[in-house]
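> What follows is start-v2.txt, compact mmCIF, C-alpha atoms.
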# COMPACT_ATOMS: atom_id res chain seq x y z
CA MET A 14 -15.18 102.68 74.81
CA SER A 15 -13.82 99.37 73.58
CA VAL A 16 -16.90 97.50 74.88
CA ARG A 17 -19.19 99.83 72.95
CA VAL A 18 -17.28 99.32 69.72
CA SER A 19 -17.50 95.51 69.92
CA VAL A 20 -21.23 95.54 70.84
CA GLN A 21 -22.18 98.03 68.17
CA PRO A 22 -22.24 95.54 65.22
CA LEU A 23 -24.55 93.29 67.22
CA GLN A 24 -26.92 96.18 67.87
CA ILE A 25 -26.94 97.02 64.18
CA LEU A 26 -28.20 93.52 63.36
CA GLY A 27 -30.93 93.68 66.00
CA VAL A 28 -32.92 91.17 67.95
CA ARG A 29 -35.07 90.19 64.97
CA PHE A 30 -32.04 88.82 63.13
CA TRP A 31 -30.96 86.66 66.07
CA LEU A 32 -34.48 85.28 66.53
CA LEU A 33 -34.90 84.65 62.82
CA LEU A 34 -31.57 82.82 62.37
CA PRO A 35 -32.53 79.62 64.31
CA THR A 36 -35.90 79.57 62.54
CA VAL A 37 -34.24 79.68 59.11
CA GLY A 38 -31.77 76.98 60.18
CA LEU A 39 -34.58 74.75 61.41
CA GLY A 40 -36.43 75.29 58.12
CA PHE A 41 -33.38 74.25 56.05
CA TRP A 42 -32.92 71.19 58.25
CA LEU A 43 -36.55 70.07 57.86
CA ILE A 44 -36.65 70.62 54.10
CA GLY A 45 -33.32 68.81 53.69
CA SER A 46 -34.55 65.86 55.73
CA LEU A 47 -37.76 65.60 53.70
CA LEU A 48 -35.89 65.75 50.39
CA THR A 49 -33.41 63.11 51.57
CA GLN A 50 -36.20 60.78 52.69
CA ARG A 51 -37.96 61.19 49.37
CA ALA A 52 -34.80 60.47 47.36
CA LEU A 53 -34.02 57.39 49.42
CA GLN A 54 -37.57 56.11 49.13
CA GLN A 55 -37.48 56.43 45.33
CA THR A 56 -34.25 54.43 45.24
CA VAL A 57 -35.81 51.59 47.26
CA ASP A 58 -38.88 51.55 45.01
CA SER A 59 -36.77 51.32 41.84
CA ILE A 60 -34.67 48.48 43.29
CA GLN A 61 -37.85 46.55 44.17
CA GLN A 62 -39.16 47.07 40.65
CA LEU A 63 -35.87 45.83 39.18
CA GLN A 64 -35.90 42.71 41.33
CA ALA A 65 -39.49 42.01 40.37
CA THR A 66 -38.71 42.08 36.64
CA LEU A 67 -35.79 39.63 36.80
CA PRO A 68 -36.61 36.00 35.95
CA ALA A 69 -36.91 33.80 39.03
CA ASP A 70 -34.42 31.07 38.19
CA ILE A 71 -31.63 31.90 35.84
CA GLN A 72 -29.16 29.06 35.87
CA GLU A 73 -26.35 31.29 34.58
CA GLN A 74 -26.43 33.31 37.80
CA ASP A 75 -25.81 30.18 39.85
CA ILE A 76 -22.41 29.57 38.19
CA ARG A 77 -19.39 31.45 39.49
CA LEU A 78 -16.60 29.82 37.47
CA ILE A 79 -16.00 27.06 34.94
CA LYS A 80 -12.53 25.48 34.99
CA ALA A 81 -11.62 23.45 31.93
CA ARG A 82 -8.41 21.38 31.90
CA VAL A 83 -7.68 20.41 28.30
CA ASP A 84 -5.36 17.38 28.29
CA ARG A 85 -4.12 16.90 24.74
CA THR A 86 -1.93 13.95 25.73
CA GLN A 87 -5.02 11.91 26.66
CA GLY A 88 -7.40 13.62 24.21
CA LYS A 89 -9.98 14.68 26.79
CA THR A 90 -11.11 17.71 28.75
CA GLN A 91 -12.08 17.74 32.43
CA VAL A 92 -14.54 20.47 33.36
CA LYS A 93 -15.32 21.64 36.90
CA VAL A 94 -18.28 23.96 37.46
CA LYS A 95 -18.00 26.10 40.61
CA PRO A 96 -21.34 27.41 41.94
CA VAL A 97 -21.92 30.83 43.52
CA ASP A 98 -23.33 29.22 46.66
CA LEU A 99 -20.47 27.47 48.43
CA ALA A 100 -22.90 25.15 50.22
CA VAL A 101 -23.87 23.59 46.87
CA ARG A 102 -21.47 21.03 45.45
CA GLY A 103 -19.89 21.77 42.08
CA GLN A 104 -20.42 19.70 38.99
CA GLU A 105 -17.72 17.78 37.10
CA ILE A 106 -17.93 16.85 33.42
CA GLU A 107 -15.50 14.88 31.27
CA LEU A 108 -15.50 15.59 27.54
CA SER A 109 -13.80 13.54 24.84
CA THR A 110 -12.56 16.50 22.81
CA THR A 111 -9.71 18.99 23.10
CA ARG A 112 -10.88 21.55 20.54
CA LEU A 113 -11.88 24.70 22.42
CA ASP A 114 -14.86 25.58 20.21
CA GLN A 115 -16.29 22.09 20.69
CA VAL A 116 -15.55 22.21 24.42
CA GLU A 117 -17.53 25.45 24.80
CA THR A 118 -20.44 24.10 22.77
CA LEU A 119 -20.58 20.85 24.77
CA ILE A 120 -20.39 22.69 28.10
CA ALA A 121 -23.22 25.01 27.01
CA GLN A 122 -25.36 22.02 26.01
CA GLU A 123 -24.58 20.11 29.21
CA LEU A 124 -25.35 23.04 31.52
CA GLY A 125 -28.20 24.50 29.47
CA ILE A 126 -26.70 27.99 29.20
CA SER A 127 -25.63 30.17 26.30
CA PRO A 128 -22.22 29.69 24.63
CA ALA A 129 -21.42 33.38 25.29
CA THR A 130 -21.87 32.81 29.02
CA VAL A 131 -19.68 29.72 28.86
CA GLN A 132 -16.98 31.70 27.06
CA ARG A 133 -17.16 34.47 29.68
CA LEU A 134 -17.00 32.15 32.70
CA THR A 135 -14.50 29.55 31.50
CA HIS A 136 -10.83 29.51 32.48
CA TYR A 137 -8.67 27.08 30.50
CA THR A 138 -5.60 25.10 31.47
CA ILE A 139 -4.07 23.38 28.47
CA HIS A 140 -1.77 20.41 29.01
CA GLU A 141 0.17 19.50 25.87
CA PRO A 142 2.70 16.74 25.39
CA VAL A 143 6.30 17.93 25.75
CA LYS A 144 7.44 15.84 22.79
CA ALA A 145 5.05 17.58 20.41
CA GLN A 146 6.28 20.98 21.60
CA LEU A 147 9.91 20.00 21.02
CA GLU A 148 9.23 18.65 17.53
CA SER A 149 7.38 21.78 16.43
CA SER A 150 10.15 24.06 17.73
CA VAL A 151 12.89 22.09 15.88
CA ASP A 152 11.12 22.32 12.48
Give the structure from the file, written as structure tokens.

Amino acid sequence: MSVRVSVQPLQILGVRFWLLLPTVGLGFWLIGSLLTQRALQQTVDSIQQLQATLPADIQEQDIRLIKARVDRTQGKTQVKVKPVDLAVRGQEIELSTTRLDQVETLIAQELGISPATVQRLTHYTIHEPVKAQLESSVD
């Protein structure tokens, strides 16, 4: 009697249900695969369109970092431009000013990029004379 009780729910469902179940599963799998392919293809197309609309040579994109060492004792600024491509050698510039606004303007003119980009990419190291710091703290 226990075998009949456990088989009875399977008989209620019938053979049609068990034959239909793999068919429905296969249908979901096919539709899901097609939708995934379509979504991925649209992503590739939009990336190709984006790359096509970018200007070919933007000099700003070639610069990874600008290091400016402001030496107020000597009254000059040494600038090192680090490129994105490590195979390309960086550029070094020496400026005869220590004012930061002038430094940014001169770097922008020298490299041919916008002052906003220079401001975003530049890291400063300021070297000031110790004597001047002591005198200002005493007053």
> So, with only C-alpha atoms as the atoms that count, which of A:Leu34, A:Ala129, A:Ile44, A:Ile139 lies closest to Val92 (chain A)?
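Among the listed residues, A:Ile139 lies closest to Val92 (chain A).
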> Quick one: distance from CA of Tyr137 (chain A) to CA of Ile79 (chain A) in Å, one decimal?
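Straight-line distance from CA of Tyr137 (chain A) to CA of Ile79 (chain A) works out to 8.6 Å.
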> Could you tell me how far CA of Thr49 (chain A) sits from CA of Val37 (chain A), in Å to one decimal place?
18.2 Å
> Draw an axis-aligned box over all listed atoms of region 108-118 of chain A, pad each side with 8 Å, and write its centre and edge lengths in Å, one decimal, as AutoDock Vina command-line options.

--center_x -15.1 --center_y 19.6 --center_z 23.9 --size_x 26.7 --size_y 28.0 --size_z 23.3
> Set the distance at 9 Å and use only C-alpha atoms: which residues neighbour Val131 (chain A) once local chain neighbours fewer than 4 positions away are removed? I'd like the list as a list in words.
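The contact residues come out as Glu73, Ile79, Glu117, Thr118, Ile120, Ala121, Ile126, Ser127 and Thr135 of chain A.
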> Find the residues near Asp75 (chain A): any atom within 9 Å, counting only C-alpha atoms, skip ones fewer than 5 places away on the same chain, and give them as an mmCIF file with C-alpha atoms, keeping the file's coordinate frame.

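Heads up, here's the output in selection32.cif:
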data_model
loop_
_atom_site.group_PDB
_atom_site.id
_atom_site.type_symbol
_atom_site.label_atom_id
_atom_site.label_comp_id
_atom_site.auth_asym_id
_atom_site.auth_seq_id
_atom_site.Cartn_x
_atom_site.Cartn_y
_atom_site.Cartn_z
ATOM 1 C CA ASP A 70 -34.420 31.070 38.190
ATOM 2 C CA LYS A 95 -18.000 26.100 40.610
ATOM 3 C CA PRO A 96 -21.340 27.410 41.940
ATOM 4 C CA VAL A 97 -21.920 30.830 43.520
ATOM 5 C CA ASP A 98 -23.330 29.220 46.660
#
> When distances are computed from all atoms listed in the file, which of A:Thr130, A:Ile106, A:Ala52, A:Leu32 shows the smallest separation from Lys89 (chain A)?
A:Ile106
> Distance CA of Leu119 (chain A)-CA of Ala81 (chain A), one decimal place?
11.8 Å
> Extract, using all atoms listed in the file, all DNA, RNA and protein residues at most 9 Å from region 82-84 of chain A, discarding same-chain residues fewer than 3 positions from it, and format them as an MDAnalysis selection string.
chainID A and resid 87:93 110:113 116 136:142
> Neighbours of Leu99 (chain A) within 12 Å (all atoms listed in the file; same-chain residues fewer than 4 positions away dropped), as a VMD selection string?
chain A and resid 75 to 78 94 to 95 103
